[in-house]
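Okay, upload-v5.cif now, which holds mmCIF, C-alpha atoms:
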```cif
data_entry
#
loop_
_atom_site.label_atom_id
_atom_site.label_comp_id
_atom_site.auth_asym_id
_atom_site.auth_seq_id
_atom_site.Cartn_x
_atom_site.Cartn_y
_atom_site.Cartn_z
CA MET Z 1 116.13 102.71 25.48
CA ALA Z 2 119.77 102.36 24.46
CA GLU Z 3 121.17 104.69 21.82
CA ASN Z 4 122.84 103.44 18.68
CA ILE Z 5 122.71 99.72 19.18
CA ASP Z 6 124.76 97.63 16.78
CA LEU Z 7 122.16 96.25 14.39
CA VAL Z 8 118.45 96.14 13.56
CA MET Z 9 117.10 93.47 11.21
CA GLN Z 10 113.70 94.35 9.88
CA GLY Z 11 111.01 92.38 8.06
CA GLY Z 12 110.48 88.89 6.74
CA THR Z 13 109.29 85.68 8.35
CA ILE Z 14 111.12 84.94 11.60
CA LEU Z 15 111.33 81.29 12.71
CA THR Z 16 112.22 81.71 16.37
CA LEU Z 17 112.58 78.02 17.30
CA ASP Z 18 111.60 79.07 20.84
CA GLY Z 19 109.54 76.89 23.16
CA GLU Z 20 106.35 77.85 21.36
CA LEU Z 21 107.88 77.61 17.88
CA ARG Z 22 106.62 81.12 17.18
CA VAL Z 23 106.65 82.42 13.63
CA LEU Z 24 106.81 86.23 13.57
CA GLU Z 25 105.79 88.17 10.49
CA ASP Z 26 107.11 91.64 9.60
CA GLN Z 27 108.80 92.12 12.93
CA ALA Z 28 112.25 93.52 13.64
CA ILE Z 29 115.12 92.20 15.73
CA ALA Z 30 117.33 94.48 17.81
CA ILE Z 31 120.89 93.25 18.31
CA ASP Z 32 123.65 94.70 20.45
CA LYS Z 33 126.99 93.43 21.75
CA GLY Z 34 126.50 90.13 19.99
CA ARG Z 35 123.11 89.30 21.52
CA ILE Z 36 119.43 89.65 20.77
CA LEU Z 37 117.92 92.57 22.66
CA ASP Z 38 114.35 92.68 21.43
CA PHE Z 39 111.71 91.66 18.91
CA PHE Z 40 109.50 94.59 18.02
CA ASP Z 41 106.97 95.99 15.58
CA PRO Z 42 108.79 98.79 13.69
CA ARG Z 43 105.47 100.55 13.16
CA GLU Z 44 105.11 100.98 16.91
CA LYS Z 45 108.68 101.16 18.19
CA THR Z 46 112.19 102.03 17.05
CA TRP Z 47 115.72 101.15 18.11
CA PRO Z 48 118.35 103.62 16.82
CA ALA Z 49 121.07 101.47 15.27
CA ARG Z 50 124.46 101.89 13.63
CA ARG Z 51 123.47 99.37 10.98
CA THR Z 52 120.19 98.10 9.58
CA LEU Z 53 119.49 95.02 7.51
CA ASP Z 54 116.33 94.81 5.45
CA THR Z 55 115.14 91.20 5.68
CA SER Z 56 111.73 91.68 4.10
CA GLY Z 57 110.94 88.92 1.64
CA CYS Z 58 113.23 86.53 3.52
CA ILE Z 59 113.10 83.78 6.10
CA VAL Z 60 115.08 84.73 9.20
CA MET Z 61 116.07 81.80 11.40
CA PRO Z 62 118.74 80.67 13.83
CA GLY Z 63 122.05 79.92 12.17
CA LEU Z 64 122.56 76.28 11.25
CA ILE Z 65 124.91 74.22 13.42
CA ASN Z 66 127.17 71.61 11.82
CA ALA Z 67 127.96 69.13 14.57
CA HIS Z 68 130.72 67.04 12.96
CA THR Z 69 133.28 68.49 10.56
CA HIS Z 70 136.90 68.22 9.45
CA LEU Z 71 137.65 71.74 8.18
CA PRO Z 72 141.28 71.26 7.08
CA MET Z 73 140.23 68.44 4.75
CA SER Z 74 138.74 71.07 2.43
CA TYR Z 75 141.63 70.62 -0.01
CA PHE Z 76 140.91 66.86 -0.24
CA ARG Z 77 137.54 67.45 -1.89
CA GLY Z 78 137.04 64.94 -4.71
CA LEU Z 79 140.53 63.48 -4.31
CA ALA Z 80 139.57 59.86 -3.64
CA ASP Z 81 135.92 59.32 -4.52
CA ASP Z 82 133.88 56.15 -5.03
CA LEU Z 83 135.76 54.12 -2.42
CA PRO Z 84 134.69 52.31 0.78
CA LEU Z 85 135.56 54.00 4.06
CA GLN Z 86 138.53 51.91 5.17
CA THR Z 87 140.14 51.95 1.70
CA TRP Z 88 139.51 55.69 1.47
CA LEU Z 89 141.07 56.29 4.91
CA HIS Z 90 143.97 53.86 5.00
CA ASP Z 91 145.10 53.93 1.37
CA PHE Z 92 144.54 57.57 0.49
CA ILE Z 93 143.57 60.10 3.18
CA TRP Z 94 145.85 59.12 6.05
CA PRO Z 95 148.98 58.55 3.90
CA LEU Z 96 148.46 61.85 2.07
CA GLU Z 97 147.88 63.70 5.35
CA ALA Z 98 151.16 62.30 6.65
CA LYS Z 99 152.96 63.88 3.68
CA MET Z 100 151.06 67.16 3.26
CA LEU Z 101 150.04 68.47 6.64
CA SER Z 102 151.76 71.64 7.82
CA HIS Z 103 150.60 74.70 9.72
CA ALA Z 104 150.17 76.60 6.46
CA PHE Z 105 148.18 73.80 4.82
CA ILE Z 106 145.86 73.33 7.81
CA SER Z 107 145.37 77.07 8.36
CA GLN Z 108 144.56 77.84 4.72
CA ALA Z 109 142.40 74.78 4.15
CA ALA Z 110 140.51 75.51 7.37
CA LEU Z 111 139.93 79.11 6.30
CA HIS Z 112 138.56 77.88 2.98
CA GLY Z 113 136.22 75.50 4.81
CA ALA Z 114 135.15 78.12 7.35
CA ALA Z 115 134.21 80.54 4.58
CA GLU Z 116 132.28 77.81 2.81
CA MET Z 117 130.41 76.99 6.01
CA ILE Z 118 129.29 80.60 6.32
CA LYS Z 119 128.10 80.68 2.71
CA ASN Z 120 125.94 77.67 3.56
CA GLY Z 121 124.18 79.47 6.42
CA ILE Z 122 126.19 77.68 9.11
CA THR Z 123 127.07 79.78 12.14
CA GLN Z 124 128.71 77.17 14.37
CA ILE Z 125 130.63 73.97 13.81
CA GLN Z 126 132.19 71.23 15.88
CA ASP Z 127 135.47 70.28 14.27
CA MET Z 128 137.88 67.40 14.69
CA TYR Z 129 141.41 67.63 13.33
CA PHE Z 130 145.04 68.33 14.15
CA ASN Z 131 146.77 71.64 14.99
CA MET Z 132 143.93 73.28 16.87
CA PRO Z 133 145.57 76.75 16.91
CA ALA Z 134 145.70 76.81 13.10
CA VAL Z 135 142.02 75.88 12.87
CA ALA Z 136 141.14 78.39 15.59
CA GLU Z 137 142.92 81.22 13.77
CA ALA Z 138 141.10 80.38 10.56
CA CYS Z 139 137.64 80.26 12.14
CA SER Z 140 138.20 83.49 14.04
CA ARG Z 141 139.41 85.24 10.90
CA ALA Z 142 136.36 84.13 8.90
CA GLY Z 143 134.01 85.01 11.77
CA LEU Z 144 132.76 81.43 12.22
CA ARG Z 145 131.85 80.11 15.65
CA ALA Z 146 133.62 76.81 16.34
CA ILE Z 147 134.24 74.15 18.93
CA ILE Z 148 137.59 72.74 17.90
CA GLY Z 149 138.49 69.23 18.94
CA GLU Z 150 141.89 67.86 19.88
CA ALA Z 151 142.03 64.87 17.55
CA VAL Z 152 143.45 61.85 19.34
CA LEU Z 153 144.79 58.86 17.38
CA ASP Z 154 147.28 56.25 18.46
CA GLY Z 155 148.93 55.68 15.10
CA LYS Z 156 152.25 53.91 15.47
CA SER Z 157 152.45 54.79 19.15
CA GLU Z 158 150.01 55.88 21.80
CA PRO Z 159 149.76 59.61 22.57
CA GLU Z 160 151.36 60.96 25.73
CA HIS Z 161 148.64 60.13 28.23
CA ALA Z 162 150.02 62.32 31.00
CA THR Z 163 149.45 65.44 28.91
CA LEU Z 164 146.28 64.41 27.11
CA GLY Z 165 143.80 67.27 27.26
CA ASN Z 166 146.39 69.88 28.22
CA LYS Z 167 146.11 71.48 24.78
CA VAL Z 168 142.37 71.95 25.28
CA LEU Z 169 142.87 73.66 28.64
CA GLU Z 170 145.74 75.81 27.37
CA LEU Z 171 143.80 76.95 24.29
CA ARG Z 172 140.72 77.74 26.35
CA GLN Z 173 142.87 80.16 28.32
CA ARG Z 174 144.65 81.55 25.26
CA TYR Z 175 141.37 82.29 23.43
CA ALA Z 176 139.29 83.15 26.47
CA ASP Z 177 138.55 86.60 25.04
CA ASP Z 178 137.37 85.27 21.67
CA PRO Z 179 133.62 84.55 21.94
CA LEU Z 180 133.69 82.49 18.76
CA LEU Z 181 136.01 79.73 19.98
CA ASP Z 182 135.91 76.80 22.37
CA PHE Z 183 137.81 73.53 22.47
CA ASN Z 184 137.10 69.92 23.36
CA LEU Z 185 138.57 66.42 23.20
CA ALA Z 186 138.06 64.31 20.09
CA PRO Z 187 139.31 60.72 20.27
CA HIS Z 188 138.94 59.62 16.66
CA SER Z 189 137.24 56.24 17.13
CA ILE Z 190 137.38 52.93 18.93
CA TYR Z 191 139.52 51.50 16.12
CA ALA Z 192 142.03 54.38 15.98
CA CYS Z 193 142.48 54.68 19.77
CA SER Z 194 143.57 52.00 22.22
CA GLU Z 195 141.53 51.08 25.26
CA ARG Z 196 144.09 52.88 27.43
CA THR Z 197 143.81 56.04 25.35
CA LEU Z 198 140.02 56.04 25.44
CA ARG Z 199 139.99 55.50 29.20
CA ARG Z 200 142.37 58.42 29.64
CA CYS Z 201 140.15 60.63 27.44
CA ALA Z 202 137.21 59.76 29.69
CA GLU Z 203 139.19 60.59 32.83
CA VAL Z 204 140.37 63.95 31.49
CA ALA Z 205 136.93 64.87 30.20
CA ALA Z 206 135.30 64.03 33.52
CA GLN Z 207 137.95 65.87 35.56
CA HIS Z 208 137.83 69.10 33.56
CA GLY Z 209 134.27 69.15 32.24
CA ILE Z 210 135.39 68.73 28.62
CA ARG Z 211 132.84 67.42 26.15
CA LEU Z 212 133.80 64.52 23.89
CA HIS Z 213 133.44 64.14 20.14
CA THR Z 214 134.12 60.86 18.32
CA HIS Z 215 133.19 58.60 15.43
CA LEU Z 216 131.04 55.59 16.32
CA SER Z 217 129.82 52.49 14.48
CA GLU Z 218 130.27 54.02 11.05
CA THR Z 219 130.68 50.64 9.34
CA ARG Z 220 129.58 47.08 9.91
CA GLY Z 221 133.24 46.04 9.98
CA GLU Z 222 133.93 48.38 12.90
CA VAL Z 223 131.25 46.60 14.94
CA GLU Z 224 132.54 43.16 14.00
CA ASP Z 225 136.10 44.12 14.93
CA CYS Z 226 134.95 45.47 18.30
CA LEU Z 227 133.09 42.25 19.08
CA ARG Z 228 136.11 40.16 18.11
CA GLU Z 229 138.70 42.26 19.97
CA HIS Z 230 136.74 43.32 23.06
CA GLY Z 231 133.81 40.92 23.26
CA LEU Z 232 131.40 43.85 23.33
CA LYS Z 233 129.35 45.89 20.90
CA PRO Z 234 130.77 49.42 20.48
CA VAL Z 235 128.30 51.28 22.72
CA PHE Z 236 128.74 48.73 25.50
CA TYR Z 237 132.50 49.01 25.03
CA LEU Z 238 132.27 52.80 25.50
CA GLN Z 239 130.19 52.22 28.62
CA LYS Z 240 132.90 49.94 30.01
CA LEU Z 241 135.53 52.63 29.39
CA GLY Z 242 133.54 55.35 31.18
CA ILE Z 243 132.91 57.41 28.05
CA LEU Z 244 129.20 56.82 27.64
CA GLU Z 245 128.32 58.47 30.95
CA LEU Z 246 129.86 61.75 29.75
CA PRO Z 247 128.34 64.40 27.43
CA ALA Z 248 129.45 63.50 23.93
CA VAL Z 249 128.58 63.74 20.25
CA TYR Z 250 128.85 60.52 18.29
CA ALA Z 251 129.21 60.96 14.55
CA HIS Z 252 127.46 58.47 12.27
CA ALA Z 253 126.31 55.77 14.76
CA ILE Z 254 124.83 53.73 11.92
CA TRP Z 255 125.38 50.13 13.02
CA THR Z 256 123.79 50.25 16.47
CA ASP Z 257 121.16 47.80 17.67
CA PRO Z 258 118.12 48.45 19.94
CA ASP Z 259 120.04 47.58 23.11
CA GLU Z 260 122.79 50.05 22.25
CA ILE Z 261 120.30 52.77 21.35
CA ALA Z 262 118.51 52.28 24.67
CA LEU Z 263 121.85 52.63 26.44
CA MET Z 264 122.58 55.85 24.57
CA ALA Z 265 119.10 57.18 25.41
CA ALA Z 266 119.90 56.76 29.10
CA SER Z 267 123.15 58.73 28.71
CA PRO Z 268 124.03 62.33 27.76
CA ALA Z 269 124.71 61.21 24.20
CA SER Z 270 123.90 62.98 20.96
CA VAL Z 271 124.21 61.55 17.45
CA ALA Z 272 125.40 63.62 14.50
CA VAL Z 273 123.54 62.37 11.43
CA CYS Z 274 125.76 62.41 8.32
CA SER Z 275 123.46 61.01 5.64
CA ASP Z 276 125.26 62.33 2.57
CA SER Z 277 128.68 61.06 3.63
CA ASN Z 278 127.28 57.71 4.74
CA LEU Z 279 125.48 57.16 1.44
CA LYS Z 280 128.46 58.20 -0.66
CA LEU Z 281 130.77 55.79 1.18
CA ALA Z 282 128.00 53.14 1.24
CA SER Z 283 128.53 52.89 4.99
CA GLY Z 284 124.81 52.42 5.65
CA ILE Z 285 121.68 54.18 6.92
CA LEU Z 286 121.29 54.79 10.62
CA PRO Z 287 118.13 53.63 12.48
CA LEU Z 288 116.87 57.18 12.93
CA ALA Z 289 113.32 56.14 13.88
CA GLN Z 290 114.60 54.07 16.80
CA TYR Z 291 116.78 56.93 18.02
CA LEU Z 292 113.85 59.32 17.99
CA GLU Z 293 111.49 56.80 19.56
CA LEU Z 294 113.81 56.27 22.53
CA GLY Z 295 114.64 59.96 22.89
CA VAL Z 296 118.27 60.18 21.76
CA ASN Z 297 119.16 63.75 20.81
CA LEU Z 298 119.90 64.01 17.08
CA CYS Z 299 121.57 66.74 15.05
CA PHE Z 300 122.97 67.15 11.56
CA ALA Z 301 126.49 67.19 10.18
CA THR Z 302 128.10 67.26 6.78
CA ASP Z 303 131.30 65.44 7.80
CA GLY Z 304 134.29 66.66 5.79
CA VAL Z 305 134.22 67.51 2.11
CA ALA Z 306 136.57 64.61 1.37
CA SER Z 307 133.69 62.21 2.04
CA ASN Z 308 130.74 64.47 1.25
CA ASN Z 309 132.09 66.95 -1.30
CA ASN Z 310 129.91 69.82 -0.06
CA LEU Z 311 129.05 71.59 3.17
CA ASP Z 312 125.40 72.29 2.34
CA LEU Z 313 123.61 71.50 5.60
CA LEU Z 314 120.25 72.49 4.11
CA ALA Z 315 120.75 69.77 1.50
CA GLU Z 316 121.67 67.37 4.32
CA MET Z 317 118.36 68.15 6.02
CA ASP Z 318 116.39 67.61 2.83
CA LEU Z 319 118.14 64.33 2.01
CA THR Z 320 117.77 62.93 5.53
CA ALA Z 321 114.09 63.77 5.83
CA LYS Z 322 113.21 62.21 2.48
CA LEU Z 323 115.45 59.19 2.93
CA HIS Z 324 113.90 58.24 6.25
CA LYS Z 325 110.37 58.83 5.05
CA ALA Z 326 111.10 56.16 2.45
CA VAL Z 327 112.94 53.87 4.88
CA ASN Z 328 110.01 54.03 7.30
CA ASN Z 329 107.37 53.96 4.54
CA ASP Z 330 105.77 57.00 6.13
CA PRO Z 331 105.57 60.41 4.41
CA ALA Z 332 104.72 62.01 7.77
CA PHE Z 333 107.92 60.75 9.39
CA LEU Z 334 110.46 63.41 10.41
CA PRO Z 335 108.28 66.45 9.66
CA ALA Z 336 109.88 69.69 8.56
CA VAL Z 337 109.58 71.39 11.96
CA LYS Z 338 111.50 68.59 13.66
CA THR Z 339 114.09 68.60 10.90
CA VAL Z 340 114.73 72.32 11.40
CA GLN Z 341 114.93 71.78 15.16
CA MET Z 342 117.60 69.13 14.66
CA ALA Z 343 119.71 71.58 12.67
CA THR Z 344 119.42 74.35 15.26
CA LEU Z 345 118.22 73.86 18.83
CA ASP Z 346 118.90 70.11 19.03
CA ALA Z 347 122.38 70.71 17.62
CA ALA Z 348 122.98 73.43 20.21
CA ARG Z 349 121.89 70.94 22.87
CA ALA Z 350 124.36 68.39 21.50
CA LEU Z 351 127.16 70.92 21.93
CA GLY Z 352 125.99 72.02 25.36
CA VAL Z 353 125.13 75.56 24.26
CA GLU Z 354 121.33 75.45 24.04
CA ASP Z 355 121.13 78.22 26.65
CA LYS Z 356 123.04 80.51 24.28
CA ARG Z 357 122.17 79.41 20.75
CA GLY Z 358 119.87 77.33 18.57
CA SER Z 359 116.83 79.60 18.84
CA LEU Z 360 116.09 83.30 18.45
CA GLU Z 361 115.24 84.57 21.92
CA ILE Z 362 116.04 87.69 23.89
CA GLY Z 363 119.42 87.31 25.59
CA LYS Z 364 120.70 84.63 23.26
CA ASP Z 365 123.63 85.05 20.91
CA ALA Z 366 122.77 86.79 17.66
CA ASP Z 367 123.62 83.96 15.27
CA LEU Z 368 121.21 84.12 12.34
CA CYS Z 369 120.75 82.86 8.81
CA ILE Z 370 118.71 84.86 6.28
CA LEU Z 371 117.25 82.95 3.34
CA GLU Z 372 116.20 84.81 0.20
CA LEU Z 373 112.70 84.12 -1.13
CA SER Z 374 112.60 86.41 -4.15
CA GLY Z 375 113.79 83.88 -6.70
CA LEU Z 376 111.60 81.98 -9.11
CA GLU Z 377 112.53 78.69 -7.46
CA SER Z 378 111.49 80.00 -4.03
CA GLN Z 379 107.90 81.04 -4.76
CA PRO Z 380 105.18 80.69 -3.73
CA VAL Z 381 105.63 80.08 0.02
CA TYR Z 382 102.85 78.39 1.99
CA ASN Z 383 104.71 76.82 4.91
CA PRO Z 384 108.07 78.36 5.89
CA TRP Z 385 109.16 75.25 7.80
CA SER Z 386 108.74 72.91 4.86
CA HIS Z 387 110.20 75.54 2.56
CA VAL Z 388 113.45 75.56 4.54
CA VAL Z 389 113.76 71.78 4.35
CA TYR Z 390 112.42 70.87 0.91
CA THR Z 391 112.83 73.98 -1.25
CA LEU Z 392 115.72 76.16 -0.13
CA GLY Z 393 119.43 75.43 -0.25
CA ALA Z 394 122.80 77.11 -0.08
CA LYS Z 395 121.91 79.15 -3.17
CA GLN Z 396 119.27 81.01 -1.14
CA VAL Z 397 121.55 81.93 1.79
CA ARG Z 398 121.69 85.72 1.45
CA ASP Z 399 123.06 86.98 4.76
CA VAL Z 400 124.65 85.43 7.84
CA VAL Z 401 125.09 87.10 11.21
CA ILE Z 402 127.38 85.59 13.85
CA ALA Z 403 127.77 87.14 17.30
CA GLY Z 404 125.93 90.17 15.96
CA GLU Z 405 128.38 90.73 13.09
CA ILE Z 406 127.34 90.45 9.44
CA VAL Z 407 129.81 87.94 8.01
CA LEU Z 408 127.89 87.35 4.77
CA ARG Z 409 126.04 90.20 3.04
CA ASP Z 410 124.10 89.66 -0.18
CA GLY Z 411 126.02 86.43 -0.69
CA GLN Z 412 129.42 88.10 -0.27
CA LEU Z 413 131.81 87.24 2.55
CA THR Z 414 132.70 90.35 4.54
CA LYS Z 415 135.80 89.24 6.45
CA VAL Z 416 137.76 87.25 3.87
CA ASP Z 417 138.41 87.54 0.14
CA GLU Z 418 136.65 84.66 -1.64
CA ALA Z 419 138.64 85.08 -4.87
CA GLU Z 420 141.88 84.84 -2.90
CA LEU Z 421 140.65 81.66 -1.19
CA VAL Z 422 139.90 80.10 -4.58
CA GLU Z 423 143.37 80.91 -5.94
CA THR Z 424 145.03 79.55 -2.81
CA ALA Z 425 143.09 76.30 -3.17
CA LYS Z 426 144.25 75.97 -6.77
CA SER Z 427 147.86 76.45 -5.68
CA TRP Z 428 147.59 73.71 -3.07
CA LYS Z 429 145.97 71.44 -5.65
CA GLN Z 430 149.11 71.66 -7.81
CA LEU Z 431 151.32 70.81 -4.85
CA MET Z 432 149.12 67.85 -3.94
CA LEU Z 433 149.09 66.54 -7.50
CA LYS Z 434 152.90 66.74 -7.54
CA GLU Z 435 153.04 64.84 -4.26
CA LEU Z 436 150.59 62.25 -5.54
CA GLY Z 437 152.71 61.77 -8.66
CA GLN Z 438 155.80 61.06 -6.56
CA TRP Z 439 153.82 58.89 -4.18
CA CYS Z 440 152.15 56.81 -6.90
CA SER Z 441 155.20 56.49 -9.17
#
```
Write out the structure in this file as structure tokens.
Amino acid sequence: MAENIDLVMQGGTILTLDGELRVLEDQAIAIDKGRILDFFDPREKTWPARRTLDTSGCIVMPGLINAHTHLPMSYFRGLADDLPLQTWLHDFIWPLEAKMLSHAFISQAALHGAAEMIKNGITQIQDMYFNMPAVAEACSRAGLRAIIGEAVLDGKSEPEHATLGNKVLELRQRYADDPLLDFNLAPHSIYACSERTLRRCAEVAAQHGIRLHTHLSETRGEVEDCLREHGLKPVFYLQKLGILELPAVYAHAIWTDPDEIALMAASPASVAVCSDSNLKLASGILPLAQYLELGVNLCFATDGVASNNNLDLLAEMDLTAKLHKAVNNDPAFLPAVKTVQMATLDAARALGVEDKRGSLEIGKDADLCILELSGLESQPVYNPWSHVVYTLGAKQVRDVVIAGEIVLRDGQLTKVDEAELVETAKSWKQLMLKELGQWCS
């Protein structure tokens, strides 16, 4: 037996999310060098450890995975609410980004968002934005695991196709020693990228084994525009361009029909379900039952706080499960166990890391979320699965462990100063209000 391993977590109800969906009571977890070494009964066995974490009276589960985010938009929270998507994007978000974005803005806003993710029990994200190094530095500093996407938009001119994807490859080398970071290619959407750009993204992704991350069929208008401009529905258009055959996460995917869903089911596609954002923007409700029926892999995402206003993935799970029970007129639809799987193991599968994360198993990365059950609002507990989905929220996230390191302890961030983050956000707010005043005058 090894001496002085890094961490032992002892007690509580452990939701392993393994192949047997085992629930372990009053067991302990041995962690060393960022991975799970053992599950054991502390009454029968011990692992000498440098640190111990008492998790009795808690639910211990795999860390939540947020499969579609825009971290640097944290400072846009509440800036342009109660607007439809295209108005929100074209008249507010994109023009303001053009005026405000700098390395300092992106780095500090991303750090704010990364810290907020951790406080919500999220241990890994898949992000899409500009200035990947700034986002990478922020996530690494906060201790958040992230796959950071190279956002590709044509704008006024197409991107340099000859070098498309080079940033991803260069950053993979630069951060090769940081276990928290990876990078991928994120063409924004079929309406923000030309056919040539999307084809090039597919070529680069196929050549270098880079996963893709994009928005898809978020609004009815997007589908109508695709039919008018390309003579194809969006999923068939992606098939034509060579994207659909590649591993990818499609955010939203609301306005898809049965033929498109069947096509996605036959491809390595995953859909990131963003219920809160979609409802707030009145974009629509995705046909979740059809996706599940045909076997499309589904996961959860909050989207950015500019269109959601919070990063509470537990709330996203609760909302989605209840919404689709009502939509399908079936209270048994999307049971709690499946909902938790979507937020953990299915999300890991969407990101291509199910062999490393998404469940608590020996040899896997030690990414865990500990939910406090001592509060009045958390008792009594009959079924831990349903409790996670329907009862608990960000308020009950007590501790978070990522790569074996405690990054949230008793609700307090351990690697960054929360008070400092709040003051920095207030400072940027004043600058943005000044810019808005000049812009709107």
I'd like the residues picked by the PyMOL selection byres ((chain Z and resi 312-325) around 9) written out as number ranges by chain, using the chain letters and numbers from the file.
Z: 64-66, 116-117, 119-122, 273-276, 285, 287-289, 300-302, 310-311, 326-336, 339-340, 342-343, 388-394
Evaluated on this file, the PyMOL selection byres ((chain Z and resi 232-245) around 7) picks out some residues - which ones are they, written as JSON, numbers by chain?
{"Z": [198, 199, 202, 217, 223, 226, 227, 230, 231, 246, 247, 260, 267, 268]}
note - atom CA of Z:His213 and atom CA of Z:Tyr250 are separated by 6.1 Å
Non-local contacts of Z:Val204 (12 Å; all atoms listed in the file; under 5 positions in same chain excluded) as a list in words
His161, Ala162, Thr163, Leu164, Gly165, Asn166, Lys167, Val168, Leu169, Asn184, Leu185, Ala186, Pro187, Thr197, Leu198, Arg199, Gly209, Ile210, Arg211, Leu212, Gly242, Ile243 and Leu246 of chain Z
Take the PyMOL selection byres ((chain Z and resi 29-34) around 8), apply it to the structure above, and return the hits as a count of residues only.
21
What does the distance between atom CA of Z:Asp127 and atom CA of Z:Leu360 come to in Å, to one decimal place?
23.7 Å
Looking at Z:Val397, Z:Leu180, Z:Ala151, Z:Ala115, which one is nearest to Z:Ser374, with distances taken over all atoms listed in the file?
Z:Val397
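Every protein or nucleic acid residue with an atom no more than 7 Å from Z:Met73, counting all atoms listed in the file and leaving out same-chain residues fewer than 4 positions away, appears here: Ala109, Gly304, Val305 and Ala306 of chain Z.
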May I have the protein, DNA and RNA residues with an atom at most 9 Å from (109.3, 87.9, 7.2), counting all atoms listed in the file in the file's coordinates, returned as a ChimeraX atom specification?
/Z:10-15,23-27,55-60
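Closest to Z:Gly19 among Z:Pro48, Z:Pro384, Z:Gly358, Z:Pro133 is Z:Gly358, based on all atoms listed in the file.
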Point out the residue among Z:Glu361, Z:Lys99, Z:Gln412, Z:Ala110 with the least atom-to-atom distance to Z:Arg22, counting all atoms listed in the file.
Z:Glu361
In Å, rounded to a single decimal, give me how far atom CA of Z:Cys139 is from atom CA of Z:Ala80.
25.9 Å
With distances taken over only C-alpha atoms, the candidate from Z:Leu292, Z:Cys299, Z:Val381, Z:Ala425 nearest Z:Leu345 is Z:Cys299
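Distance annotation: of Z:Leu286, Z:Leu431, Z:Val296, Z:Ala347, the residue with the minimal separation from Z:Leu263 is Z:Val296; atom set is all atoms listed in the file.
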Quick one: what's the axis-aligned box for stretch 394-399 of chain Z, all listed atoms, 8 Å on every side, centre and edges in Å to one decimal, as AutoDock Vina command-line options?
```
--center_x 121.2 --center_y 82.0 --center_z 0.8 --size_x 19.8 --size_y 25.9 --size_z 23.9
```
Taking into account all atoms listed in the file, which residue in the set Z:Ala114, Z:Ser102, Z:His215, Z:Val353 is nearest to Z:Lys415?
Z:Ala114
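The neighbours of Z:Tyr291 here are the residues that come within 10 Å of it, using all atoms listed in the file and leaving out any residue fewer than 3 positions away in the same chain; they are Z:Thr256, Z:Pro258, Z:Ile261, Z:Ala262, Z:Met264, Z:Ala265, Z:Ser270, Z:Val271, Z:Leu286, Z:Pro287, Z:Leu288, Z:Leu294, Z:Gly295, Z:Val296, Z:Asn297, Z:Leu298.
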Mind filling out stretch 131-142 of chain Z with N, CA and C atoms and sending it as a PDB file, in the coordinates of the input?
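Written out: selection.pdb:
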```pdb
ATOM      1  N   ASN Z 131     146.298  70.245  14.941  1.00  0.00           N
ATOM      2  CA  ASN Z 131     146.770  71.640  14.990  1.00  0.00           C
ATOM      3  C   ASN Z 131     145.599  72.584  15.282  1.00  0.00           C
ATOM      4  N   MET Z 132     145.074  72.461  16.485  1.00  0.00           N
ATOM      5  CA  MET Z 132     143.930  73.280  16.870  1.00  0.00           C
ATOM      6  C   MET Z 132     144.180  74.778  16.742  1.00  0.00           C
ATOM      7  N   PRO Z 133     145.371  75.298  17.075  1.00  0.00           N
ATOM      8  CA  PRO Z 133     145.570  76.750  16.910  1.00  0.00           C
ATOM      9  C   PRO Z 133     145.394  77.216  15.471  1.00  0.00           C
ATOM     10  N   ALA Z 134     145.849  76.425  14.505  1.00  0.00           N
ATOM     11  CA  ALA Z 134     145.700  76.810  13.100  1.00  0.00           C
ATOM     12  C   ALA Z 134     144.232  76.865  12.706  1.00  0.00           C
ATOM     13  N   VAL Z 135     143.457  75.889  13.160  1.00  0.00           N
ATOM     14  CA  VAL Z 135     142.020  75.880  12.870  1.00  0.00           C
ATOM     15  C   VAL Z 135     141.328  77.041  13.582  1.00  0.00           C
ATOM     16  N   ALA Z 136     141.736  77.289  14.817  1.00  0.00           N
ATOM     17  CA  ALA Z 136     141.140  78.390  15.590  1.00  0.00           C
ATOM     18  C   ALA Z 136     141.375  79.731  14.906  1.00  0.00           C
ATOM     19  N   GLU Z 137     142.609  79.960  14.452  1.00  0.00           N
ATOM     20  CA  GLU Z 137     142.920  81.220  13.770  1.00  0.00           C
ATOM     21  C   GLU Z 137     142.070  81.395  12.523  1.00  0.00           C
ATOM     22  N   ALA Z 138     141.877  80.310  11.791  1.00  0.00           N
ATOM     23  CA  ALA Z 138     141.100  80.380  10.560  1.00  0.00           C
ATOM     24  C   ALA Z 138     139.636  80.706  10.843  1.00  0.00           C
ATOM     25  N   CYS Z 139     139.054  80.031  11.820  1.00  0.00           N
ATOM     26  CA  CYS Z 139     137.640  80.260  12.140  1.00  0.00           C
ATOM     27  C   CYS Z 139     137.429  81.678  12.653  1.00  0.00           C
ATOM     28  N   SER Z 140     138.320  82.138  13.511  1.00  0.00           N
ATOM     29  CA  SER Z 140     138.200  83.490  14.040  1.00  0.00           C
ATOM     30  C   SER Z 140     138.312  84.521  12.930  1.00  0.00           C
ATOM     31  N   ARG Z 141     139.229  84.299  12.006  1.00  0.00           N
ATOM     32  CA  ARG Z 141     139.410  85.240  10.900  1.00  0.00           C
ATOM     33  C   ARG Z 141     138.164  85.299  10.009  1.00  0.00           C
ATOM     34  N   ALA Z 142     137.550  84.160   9.746  1.00  0.00           N
ATOM     35  CA  ALA Z 142     136.360  84.130   8.900  1.00  0.00           C
ATOM     36  C   ALA Z 142     135.118  84.630   9.630  1.00  0.00           C
TER      37      ALA Z 142
END
```
